[in-house]
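For reference, upload19.txt is printed below; it contains compact mmCIF, C-alpha atoms.
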# COMPACT_ATOMS: atom_id res chain seq x y z
CA MET A 911 10.21 -17.68 21.28
CA SER A 912 13.49 -16.23 22.59
CA ALA A 913 16.86 -15.80 20.83
CA PRO A 914 18.77 -19.09 20.83
CA PRO A 915 21.96 -19.34 22.91
CA GLY A 916 25.17 -19.05 20.86
CA PRO A 917 25.42 -18.55 17.09
CA PRO A 918 23.01 -21.00 15.41
CA THR A 919 23.89 -22.78 12.18
CA PRO A 920 22.19 -21.58 8.97
CA ARG A 921 20.08 -24.71 8.87
CA GLU A 922 18.80 -24.10 12.39
CA LEU A 923 18.00 -20.52 11.44
CA ALA A 924 16.10 -21.71 8.38
CA LEU A 925 14.03 -24.22 10.31
CA GLN A 926 13.37 -21.72 13.02
CA SER A 927 11.97 -18.92 10.86
CA GLN A 928 10.30 -20.47 7.81
CA THR A 929 8.02 -23.03 9.40
CA ASP A 930 5.20 -24.96 7.76
CA ALA A 931 2.79 -22.58 9.44
CA ASP A 932 4.44 -19.68 7.61
CA ARG A 933 4.05 -21.44 4.26
CA GLN A 934 0.39 -22.18 4.94
CA VAL A 935 -0.13 -18.51 5.75
CA ASP A 936 1.61 -17.52 2.50
CA LEU A 937 -0.81 -19.61 0.45
CA VAL A 938 -3.95 -18.19 2.02
CA ILE A 939 -2.54 -14.66 1.66
CA GLY A 940 -1.95 -15.24 -2.05
CA ARG A 941 -5.58 -16.28 -2.59
CA LEU A 942 -6.84 -13.35 -0.57
CA LEU A 943 -4.88 -10.89 -2.71
CA GLN A 944 -6.17 -12.34 -5.97
CA ILE A 945 -9.82 -12.38 -4.89
CA GLY A 946 -9.53 -8.78 -3.68
CA VAL A 947 -7.95 -7.56 -6.92
CA PHE A 948 -10.51 -9.29 -9.16
CA ALA A 949 -13.48 -8.10 -7.10
CA ALA A 950 -12.08 -4.56 -7.20
CA ALA A 951 -11.47 -4.74 -10.95
CA ALA A 952 -15.05 -5.98 -11.54
CA ILE A 953 -16.55 -3.08 -9.56
CA VAL A 954 -14.24 -0.56 -11.29
CA ALA A 955 -15.22 -1.97 -14.71
CA LEU A 956 -18.94 -1.75 -13.88
CA GLY A 957 -18.57 1.86 -12.68
CA ALA A 958 -16.43 2.66 -15.75
CA ILE A 959 -19.09 1.45 -18.20
CA LEU A 960 -21.81 3.49 -16.45
CA PHE A 961 -19.48 6.48 -16.28
CA LEU A 962 -18.69 6.36 -20.00
CA VAL A 963 -22.38 5.98 -20.91
CA GLN A 964 -23.22 9.05 -18.82
CA HIS A 965 -20.16 11.26 -19.36
CA GLY A 966 -18.24 9.75 -22.29
CA ALA A 967 -19.14 12.57 -24.66
CA SER A 968 -18.06 15.35 -22.27
CA ARG A 969 -14.79 17.19 -22.84
CA ALA A 970 -11.83 15.77 -20.88
CA GLU A 971 -10.24 18.51 -18.72
CA PHE A 972 -7.40 17.15 -16.60
CA ALA A 973 -4.55 19.55 -17.39
CA VAL A 974 -5.21 21.56 -14.22
CA PHE A 975 -5.70 19.87 -10.87
CA VAL A 976 -9.05 20.53 -9.17
CA PRO A 977 -9.92 18.41 -6.11
CA GLY A 978 -13.21 16.59 -6.73
CA PRO A 979 -16.30 16.59 -4.49
CA PRO A 980 -16.09 14.94 -1.01
CA THR A 981 -18.33 12.11 -2.27
CA LEU A 982 -15.32 10.96 -4.31
CA ARG A 983 -12.63 11.63 -1.69
CA THR A 984 -13.69 10.00 1.60
CA VAL A 985 -14.57 6.38 2.30
CA GLY A 986 -17.96 7.41 3.76
CA GLY A 987 -18.78 9.74 0.89
CA ILE A 988 -17.83 7.11 -1.69
CA LEU A 989 -20.06 4.50 0.02
CA ARG A 990 -23.04 6.88 0.03
CA GLY A 991 -22.41 7.86 -3.60
CA ALA A 992 -22.11 4.24 -4.74
CA LEU A 993 -25.35 3.33 -2.95
CA ALA A 994 -27.03 6.19 -4.82
CA PHE A 995 -25.65 4.57 -8.00
CA ASP A 996 -23.34 7.45 -8.89
CA SER A 997 -21.01 5.98 -11.55
CA ALA A 998 -17.86 7.88 -10.48
CA ALA A 999 -18.46 6.81 -6.87
CA ILE A 1000 -18.77 3.16 -8.00
CA VAL A 1001 -15.35 3.43 -9.68
CA GLN A 1002 -13.95 4.93 -6.47
CA LEU A 1003 -15.56 2.14 -4.43
CA GLY A 1004 -13.67 -0.41 -6.53
CA LEU A 1005 -10.47 1.57 -6.03
CA VAL A 1006 -11.03 1.75 -2.24
CA LEU A 1007 -11.51 -2.03 -2.25
CA LEU A 1008 -8.24 -2.31 -4.18
CA ILE A 1009 -6.43 -0.09 -1.65
CA MET A 1010 -7.87 -2.26 1.13
CA THR A 1011 -6.51 -5.49 -0.42
CA PRO A 1012 -2.93 -5.03 0.82
CA ILE A 1013 -4.32 -3.71 4.12
CA ALA A 1014 -6.34 -6.92 4.48
CA ARG A 1015 -3.16 -8.83 3.70
CA VAL A 1016 -1.37 -7.11 6.58
CA LEU A 1017 -4.36 -7.79 8.87
CA PHE A 1018 -4.25 -11.45 7.89
CA THR A 1019 -0.51 -11.64 8.57
CA LEU A 1020 -1.20 -10.12 11.99
CA VAL A 1021 -3.79 -12.83 12.75
CA ALA A 1022 -1.27 -15.50 11.73
CA PHE A 1023 1.36 -14.06 14.08
CA ILE A 1024 -1.24 -13.90 16.89
CA ILE A 1025 -2.00 -17.61 16.34
CA GLN A 1026 1.74 -18.36 16.42
CA ARG A 1027 2.02 -16.20 19.59
CA ASP A 1028 4.92 -14.36 17.99
CA ARG A 1029 4.92 -11.22 20.15
CA LEU A 1030 7.65 -9.36 18.29
CA TYR A 1031 5.94 -9.77 14.92
CA ILE A 1032 2.49 -9.03 16.39
CA LEU A 1033 3.97 -5.66 17.37
CA ILE A 1034 5.71 -5.02 14.02
CA THR A 1035 2.65 -5.99 11.96
CA SER A 1036 0.37 -3.85 14.17
CA VAL A 1037 2.57 -0.81 13.49
CA VAL A 1038 2.30 -1.36 9.71
CA LEU A 1039 -1.48 -1.85 9.95
CA ALA A 1040 -1.93 1.29 12.06
CA LEU A 1041 0.10 3.37 9.56
CA LEU A 1042 -1.98 2.08 6.63
CA LEU A 1043 -5.33 2.70 8.35
CA TYR A 1044 -4.14 6.15 9.39
CA GLY A 1045 -3.35 6.99 5.75
CA LEU A 1046 -6.71 5.71 4.47
CA ILE A 1047 -8.93 7.15 7.22
CA ALA A 1048 -7.17 10.33 8.38
CA GLY A 1049 -5.23 11.13 5.20
CA VAL A 1050 -2.21 12.90 6.83
CA MET B 1085 -10.78 15.33 -26.63
CA SER B 1086 -13.82 13.53 -25.23
CA ILE B 1087 -13.66 11.53 -22.00
CA LEU B 1088 -14.46 8.34 -23.94
CA LEU B 1089 -11.62 8.78 -26.45
CA LEU B 1090 -9.14 9.73 -23.72
CA ALA B 1091 -10.17 6.67 -21.68
CA ILE B 1092 -9.65 4.35 -24.67
CA LEU B 1093 -6.22 5.81 -25.50
CA ILE B 1094 -5.08 5.72 -21.87
CA ALA B 1095 -6.34 2.13 -21.48
CA LEU B 1096 -4.40 1.06 -24.59
CA GLY B 1097 -1.20 2.78 -23.44
CA SER B 1098 -1.60 1.33 -19.95
CA PHE B 1099 -2.15 -2.14 -21.38
CA PHE B 1100 1.21 -2.02 -23.18
CA ALA B 1101 2.85 -0.49 -20.10
CA GLY B 1102 1.54 -3.39 -18.01
CA LEU B 1103 2.48 -6.00 -20.63
CA LEU B 1104 6.05 -4.77 -21.16
CA GLY B 1105 6.46 -4.02 -17.45
CA SER B 1106 5.57 -7.58 -16.50
CA LEU B 1107 7.60 -9.20 -19.30
CA THR B 1108 10.74 -7.22 -18.45
CA GLY B 1109 10.29 -7.18 -14.69
CA LEU B 1110 10.58 -3.39 -14.63
CA GLY B 1111 6.95 -2.90 -13.62
CA GLY B 1112 4.36 -1.02 -15.66
CA GLY B 1113 3.87 1.77 -13.14
CA ILE B 1114 7.12 3.41 -14.03
CA ILE B 1115 5.99 4.62 -17.46
CA VAL B 1116 2.35 5.41 -16.62
CA VAL B 1117 3.12 8.83 -15.11
CA PRO B 1118 5.34 10.05 -18.00
CA MET B 1119 2.75 8.73 -20.48
CA LEU B 1120 -0.12 10.60 -18.79
CA THR B 1121 1.79 13.86 -18.29
CA ILE B 1122 3.79 14.05 -21.55
CA LEU B 1123 1.40 12.42 -24.05
CA PHE B 1124 -1.99 13.32 -22.57
CA HIS B 1125 -1.08 16.56 -20.72
CA VAL B 1126 -2.64 15.33 -17.48
CA ASP B 1127 -1.70 17.17 -14.26
CA LEU B 1128 1.11 15.34 -12.42
CA ARG B 1129 -1.04 14.85 -9.30
CA TYR B 1130 -3.78 13.01 -11.21
CA ALA B 1131 -1.08 10.96 -12.95
CA VAL B 1132 0.56 9.95 -9.66
CA GLY B 1133 -2.81 8.98 -8.15
CA ALA B 1134 -3.84 6.81 -11.12
CA SER B 1135 -0.41 5.19 -11.35
CA LEU B 1136 -0.29 4.24 -7.65
CA VAL B 1137 -3.64 2.49 -7.94
CA SER B 1138 -2.36 0.42 -10.87
CA VAL B 1139 0.79 -0.41 -8.88
CA ILE B 1140 -1.38 -1.94 -6.12
CA ALA B 1141 -3.34 -3.97 -8.67
CA THR B 1142 -0.29 -5.51 -10.35
CA SER B 1143 1.57 -6.09 -7.09
CA SER B 1144 -1.37 -7.87 -5.44
CA GLY B 1145 -2.25 -9.77 -8.62
CA ALA B 1146 1.27 -11.08 -9.22
CA ALA B 1147 2.38 -11.65 -5.61
CA ALA B 1148 0.07 -14.64 -5.29
CA ALA B 1149 2.00 -16.71 -7.83
CA TYR B 1150 5.39 -15.95 -6.29
CA VAL B 1151 4.22 -16.60 -2.75
CA ARG B 1152 3.04 -20.04 -3.84
CA GLU B 1153 6.53 -20.89 -5.06
CA GLY B 1154 7.97 -20.20 -1.62
CA TYR B 1155 10.46 -17.43 -2.43
CA THR B 1156 8.84 -14.59 -0.49
CA ASN B 1157 10.23 -13.94 2.98
CA VAL B 1158 7.17 -12.70 4.89
CA ARG B 1159 9.14 -11.64 7.98
CA VAL B 1160 11.60 -9.56 5.98
CA GLY B 1161 8.64 -8.07 4.06
CA VAL B 1162 6.62 -7.12 7.13
CA PHE B 1163 9.63 -5.72 8.98
CA LEU B 1164 10.71 -3.55 6.04
CA GLU B 1165 7.12 -2.43 5.43
CA VAL B 1166 7.45 -0.38 8.63
CA ALA B 1167 10.09 1.70 6.80
CA THR B 1168 8.31 1.84 3.43
CA THR B 1169 4.92 2.85 4.89
CA ILE B 1170 6.47 5.60 7.06
CA GLY B 1171 8.37 6.72 3.95
CA ALA B 1172 5.19 6.65 1.84
CA LEU B 1173 3.23 8.73 4.36
CA ALA B 1174 6.15 11.19 4.62
CA GLY B 1175 6.37 11.37 0.81
CA ALA B 1176 2.62 11.98 0.54
CA ALA B 1177 2.88 14.78 3.11
CA MET B 1178 5.84 16.32 1.24
CA SER B 1179 4.31 16.05 -2.23
CA GLY B 1180 2.17 19.16 -1.83
CA PHE B 1181 5.25 21.33 -1.19
CA ILE B 1182 7.64 20.07 -3.88
CA PRO B 1183 7.44 21.94 -7.20
CA THR B 1184 6.35 19.90 -10.22
CA SER B 1185 9.60 20.73 -12.05
CA ALA B 1186 11.69 19.18 -9.23
CA LEU B 1187 9.49 16.07 -9.25
CA ALA B 1188 9.92 15.76 -13.02
CA VAL B 1189 13.73 15.89 -12.69
CA LEU B 1190 13.65 13.33 -9.86
CA PHE B 1191 11.42 11.12 -12.01
CA GLY B 1192 13.86 11.34 -14.93
CA VAL B 1193 16.75 10.26 -12.71
CA VAL B 1194 14.80 7.32 -11.23
CA LEU B 1195 13.73 6.20 -14.73
CA LEU B 1196 17.34 6.24 -15.96
CA TYR B 1197 18.50 4.35 -12.89
CA SER B 1198 15.80 1.67 -13.33
CA ALA B 1199 16.64 1.20 -17.02
CA TRP B 1200 20.34 0.90 -16.19
CA ARG B 1201 19.66 -1.56 -13.36
CA SER B 1202 17.60 -3.80 -15.62
CA PHE B 1203 20.72 -4.49 -17.70
CA GLN B 1204 23.00 -5.26 -14.78
CA PRO B 1205 23.73 -8.97 -14.53
CA HIS B 1206 22.46 -10.38 -11.26
CA GLU B 1207 24.06 -13.55 -10.10
CA GLU B 1208 22.13 -15.72 -7.69
CA HIS B 1209 23.90 -15.63 -4.37
CA SER B 1210 23.05 -16.46 -0.82
CA THR B 1211 25.15 -15.80 2.21
CA THR B 1212 25.54 -18.12 5.14
CA ALA B 1213 27.77 -15.65 6.96
CA PRO B 1214 26.71 -14.90 10.54
CA PRO B 1215 23.57 -12.72 10.30
CA HIS B 1216 23.42 -9.11 11.45
CA PRO B 1217 22.49 -8.99 15.20
CA TRP B 1218 19.12 -7.42 14.30
CA ALA B 1219 18.49 -10.16 11.75
CA ALA B 1220 19.04 -12.80 14.42
CA ARG B 1221 16.79 -10.98 16.88
CA LEU B 1222 14.11 -10.55 14.18
CA ARG B 1223 14.56 -14.14 12.92
CA LEU B 1224 14.87 -12.93 9.32
CA SER B 1225 17.02 -15.82 8.05
CA SER B 1226 15.20 -18.43 6.03
CA SER B 1227 15.59 -20.83 3.12
CA TYR B 1228 14.40 -20.81 -0.48
CA PRO B 1229 13.85 -23.43 -3.19
CA THR B 1230 16.70 -24.05 -5.66
CA PRO B 1231 17.26 -26.85 -8.21
CA HIS B 1232 19.41 -28.52 -5.50
CA GLY B 1233 16.69 -28.38 -2.83
CA MET B 1234 16.04 -25.86 -0.09
CA GLN B 1235 18.97 -23.49 0.34
CA PRO B 1236 19.30 -21.68 3.68
CA TYR B 1237 20.40 -18.05 3.73
CA SER B 1238 21.07 -15.44 6.38
CA VAL B 1239 20.53 -11.68 6.33
CA GLU B 1240 23.08 -8.86 6.70
CA GLY B 1241 22.99 -5.03 6.61
CA VAL B 1242 19.64 -4.64 8.34
CA PRO B 1243 19.89 -0.93 9.39
CA GLY B 1244 21.10 0.12 5.91
CA GLY B 1245 18.36 -1.88 4.21
CA PHE B 1246 15.75 -0.40 6.54
CA GLY B 1247 16.98 3.14 5.78
CA LEU B 1248 16.94 2.61 2.03
CA MET B 1249 13.41 1.20 2.30
CA PHE B 1250 12.31 4.51 3.82
CA VAL B 1251 13.71 6.24 0.71
CA ALA B 1252 11.87 3.71 -1.49
CA GLY B 1253 8.62 4.62 0.30
CA VAL B 1254 9.18 8.37 -0.21
CA LEU B 1255 9.92 7.86 -3.93
CA SER B 1256 6.88 5.61 -4.33
CA ALA B 1257 4.55 8.29 -2.93
CA LEU B 1258 6.16 11.25 -4.71
CA LEU B 1259 6.36 9.62 -8.15
CA GLY B 1260 3.48 7.13 -8.09
CA ILE B 1261 5.74 4.16 -8.74
CA GLY B 1262 6.34 0.82 -7.02
CA SER B 1263 10.03 1.63 -6.36
CA GLY B 1264 10.83 -2.01 -7.06
CA ALA B 1265 14.36 -1.21 -8.26
CA VAL B 1266 15.24 0.57 -5.00
CA LYS B 1267 13.62 -2.14 -2.88
CA VAL B 1268 15.58 -4.86 -4.68
CA LEU B 1269 18.77 -2.79 -4.28
CA ALA B 1270 18.20 -2.67 -0.51
CA MET B 1271 17.53 -6.39 -0.14
CA ASP B 1272 19.88 -7.82 -2.78
CA ARG B 1273 22.91 -5.58 -2.24
CA LEU B 1274 22.70 -4.33 1.35
CA MET B 1275 20.96 -7.24 3.08
CA LYS B 1276 22.52 -9.91 0.83
CA LEU B 1277 19.26 -11.80 0.29
CA PRO B 1278 19.17 -14.18 -2.70
CA PHE B 1279 18.07 -12.32 -5.84
CA LYS B 1280 14.82 -14.27 -6.29
CA VAL B 1281 13.89 -13.71 -2.66
CA SER B 1282 14.63 -9.98 -3.09
CA THR B 1283 12.47 -9.53 -6.18
CA THR B 1284 9.49 -11.51 -4.92
CA THR B 1285 9.59 -9.98 -1.43
CA SER B 1286 9.85 -6.56 -3.10
CA ASN B 1287 6.73 -7.30 -5.14
CA PHE B 1288 5.00 -8.45 -1.95
CA MET B 1289 5.78 -5.09 -0.30
CA ILE B 1290 5.02 -2.79 -3.24
CA GLY B 1291 1.24 -3.04 -2.80
CA VAL B 1292 1.42 -2.20 0.91
CA THR B 1293 3.70 0.79 0.25
CA ALA B 1294 1.42 2.12 -2.49
CA ALA B 1295 -1.69 1.57 -0.34
CA ALA B 1296 -0.28 3.89 2.36
CA SER B 1297 0.08 6.90 0.03
CA SER B 1298 -3.02 6.04 -2.06
CA GLY B 1299 -5.17 6.42 1.04
CA VAL B 1300 -3.77 9.92 1.56
CA TYR B 1301 -4.13 10.85 -2.11
CA LEU B 1302 -7.75 9.67 -2.18
CA HIS B 1303 -8.53 12.35 0.42
CA ARG B 1304 -6.67 14.99 -1.56
CA GLY B 1305 -8.54 14.23 -4.78
CA TYR B 1306 -5.44 12.96 -6.66
CA ILE B 1307 -7.34 9.77 -7.52
CA GLU B 1308 -9.62 10.93 -10.35
CA PRO B 1309 -12.02 8.12 -11.38
CA ALA B 1310 -12.07 9.08 -15.08
CA LEU B 1311 -8.28 8.62 -15.26
CA ALA B 1312 -7.77 5.90 -12.65
CA PHE B 1313 -10.10 3.35 -14.23
CA PRO B 1314 -8.48 3.14 -17.70
CA VAL B 1315 -5.03 3.04 -16.09
CA MET B 1316 -5.92 0.36 -13.54
CA LEU B 1317 -7.85 -1.90 -15.91
CA GLY B 1318 -5.29 -1.43 -18.71
CA VAL B 1319 -2.17 -2.09 -16.61
CA LEU B 1320 -3.78 -5.03 -14.79
CA SER B 1321 -4.89 -6.82 -17.98
CA GLY B 1322 -1.50 -6.15 -19.61
CA ALA B 1323 0.35 -7.52 -16.58
CA LEU B 1324 -1.84 -10.62 -16.37
CA ILE B 1325 -1.33 -11.45 -20.05
CA GLY B 1326 2.40 -10.71 -19.64
CA ALA B 1327 2.61 -13.21 -16.79
CA ARG B 1328 0.93 -15.86 -18.99
CA ILE B 1329 3.35 -15.51 -21.92
CA LEU B 1330 6.44 -14.88 -19.82
CA ALA B 1331 7.75 -18.42 -20.29
CA THR B 1332 7.87 -18.18 -24.09
CA ALA B 1333 8.87 -14.52 -24.47
CA ARG B 1334 12.33 -13.41 -25.58
CA THR B 1335 12.90 -11.16 -22.60
CA ARG B 1336 16.33 -9.91 -23.66
CA SER B 1337 15.12 -8.05 -26.78
CA LEU B 1338 11.91 -6.99 -25.03
CA ARG B 1339 13.96 -5.49 -22.24
CA LEU B 1340 15.91 -3.52 -24.82
CA VAL B 1341 12.66 -2.17 -26.32
CA PHE B 1342 11.25 -1.26 -22.93
CA ALA B 1343 14.52 0.29 -21.72
CA THR B 1344 14.59 2.46 -24.85
CA VAL B 1345 11.06 3.68 -24.11
CA VAL B 1346 12.07 4.37 -20.51
CA VAL B 1347 15.20 6.31 -21.53
CA VAL B 1348 13.25 8.45 -24.04
CA LEU B 1349 10.62 9.23 -21.40
CA ALA B 1350 13.37 9.97 -18.85
CA ALA B 1351 15.01 12.46 -21.22
CA GLU B 1352 11.64 14.13 -21.83
CA MET B 1353 10.91 14.33 -18.07
CA LEU B 1354 14.37 15.80 -17.37
CA TYR B 1355 14.03 18.33 -20.22
CA LYS B 1356 10.53 19.44 -19.20
CA GLY B 1357 11.52 19.51 -15.54
CA ILE B 1358 14.56 21.70 -16.14
CA ARG B 1359 12.62 24.01 -18.49
CA GLY B 1360 9.74 24.03 -15.98
CA THR B 1361 7.16 23.23 -18.64
CA LEU B 1362 5.57 20.07 -17.24
Render the structure in this file as structure tokens.
Amino acid sequence: MSAPPGPPTPRELALQSQTDADRQVDLVIGRLLQIGVFAAAAIVALGAILFLVQHGASRAEFAVFVPGPPTLRTVGGILRGALAFDSAAIVQLGLVLLIMTPIARVLFTLVAFIIQRDRLYILITSVVLALLLYGLIAGV
Amino acid sequence: MSILLLAILIALGSFFAGLLGSLTGLGGGIIVVPMLTILFHVDLRYAVGASLVSVIATSSGAAAAYVREGYTNVRVGVFLEVATTIGALAGAAMSGFIPTSALAVLFGVVLLYSAWRSFQPHEEHSTTAPPHPWAARLRLSSSYPTPHGMQPYSVEGVPGGFGLMFVAGVLSALLGIGSGAVKVLAMDRLMKLPFKVSTTTSNFMIGVTAAASSGVYLHRGYIEPALAFPVMLGVLSGALIGARILATARTRSLRLVFATVVVVLAAEMLYKGIRGTL
């Protein structure tokens, strides 16, 4: 799609940008977000119950910042910890899933723009996706 | 205090933060960090990590309903997310070098601004002036549902809005908030989008912005499971219940209550920041 010749009327602009395809995409995105959030919340709640059963009686010490073990700080470590049924790692797994929900949303938007062959927005969405994955995987 | 008792108290506080945040439209995230640091003496870094996670949960949980109503402008959202995610990554990189006292003062200022903004009248407007050249190139103009049918609107001030979105991203990462007030300022005032489109598109973007810095903070150990779970589950359940009763609630008096809480917390953050005791 190229820029139209001459200044278009507002109505033309509206029709041009917010197509039915866009609306359809919006709906699926909304569902995706909700499913992701509820799945994440369920895993976090499960991990939280186990965590409180195991460590609930311990003294809470959070006044001074101490970085936790790598099993709670990297995606790989969290996966291994959760598979070993470590309660804190299960909470983190739910939180990683939660962080991935908006990332999945961006990925889905990218797919929609690919289907629409919208080159400009394929580029823009790819940049956002790359930045998000960089933050989650590399961690600045 | 035991971990169990702390978790219960934080979950209760977060529930009311989420409930009031959703009823007033201010967002619950904004009072989670002051609550954790001032009331529970939690290190600011843990507080920011836990708060950001709850911001993602409420943003993604609520965005679905708005998207369905057709207010969100996905193109505007995606385009501006470039600025907010770069800002969030920059803010996350900076956060290790900024003293806690400076962050506390910044937090106090942002809290006061958000409380003040929530009382500003916002008239529904849409411009049909010729769009900014970038807006035309990016096909940002759209239409949104009104009682009189679909109303087309165009978009102005794209570079200014983009720049302010970068700032919103930095603030989101540094303070663990959604930066909704700054995002709405950029879209409503600078880009002249209709108010409803601004607020819903802002909500749509908040989760993505928070996800960028949360990923970084996960690696740094700012996201402590024992604190993040009561905050996330508390804020999320509060926000969901808030969304259910929104139609019947008297938002004006609630907003006054919430704004008072925000102002008190702001004063406390400013005081502790200036004294260097946070």
Inset, instruction - Quote the spacing between atom CA of B:Phe1163 and atom CA of B:Ser1210 in Å to one decimal place. - result: 19.8 Å
Cut-off 6 Å: closest stretch 948-990 of chain A/stretch 994-1002 of chain A atom pairs per residue, using all atoms listed in the file, as a tab-separated table:
residue	atom	partner	partner_atom	distance
A:Val954	CA	A:Val1001	CA	4.4
A:Gly957	CA	A:Val1001	CA	4.7
A:Leu960	CA	A:Ser997	CA	5.6
A:Phe961	CA	A:Ser997	CA	5.0
A:Leu982	CA	A:Ala999	CA	5.8
A:Ile988	CA	A:Ala999	CA	5.2
Legend entry - 7 Å contacts from chain A to chain B using only C-alpha atoms, as a count of residues only: 48
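Coordinates place atom CA of B:Val1116 at a distance of 8.9 Å from atom CA of B:Gly1102.
Atom CA of B:Thr1285 lies 15.8 Å from atom CA of B:Glu1240.
Ranking B:Val1348, B:Met1119, B:Ala1270, B:Ala1265 by their shortest atom-to-atom distance to B:Phe1250, with all atoms listed in the file included, puts B:Ala1270 first.
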Inset, instruction - Find the residues around B:Thr1108 up to 12 Å (all atoms listed in the file counted), leave out those fewer than 4 positions away in its own chain, and share them as a PyMOL selection string. - result: chain B and resi 1100-1104+1112+1198-1199+1201-1203+1323+1326-1327+1329-1331+1333-1343+1346
Inset, instruction - For each of B:Ala1252, B:Leu1354, B:Met1275, B:Ile1115, take the minimum atom-to-atom distance to B:Ala1188, counting only C-alpha atoms, then give the residue where this is smallest. - result: B:Leu1354
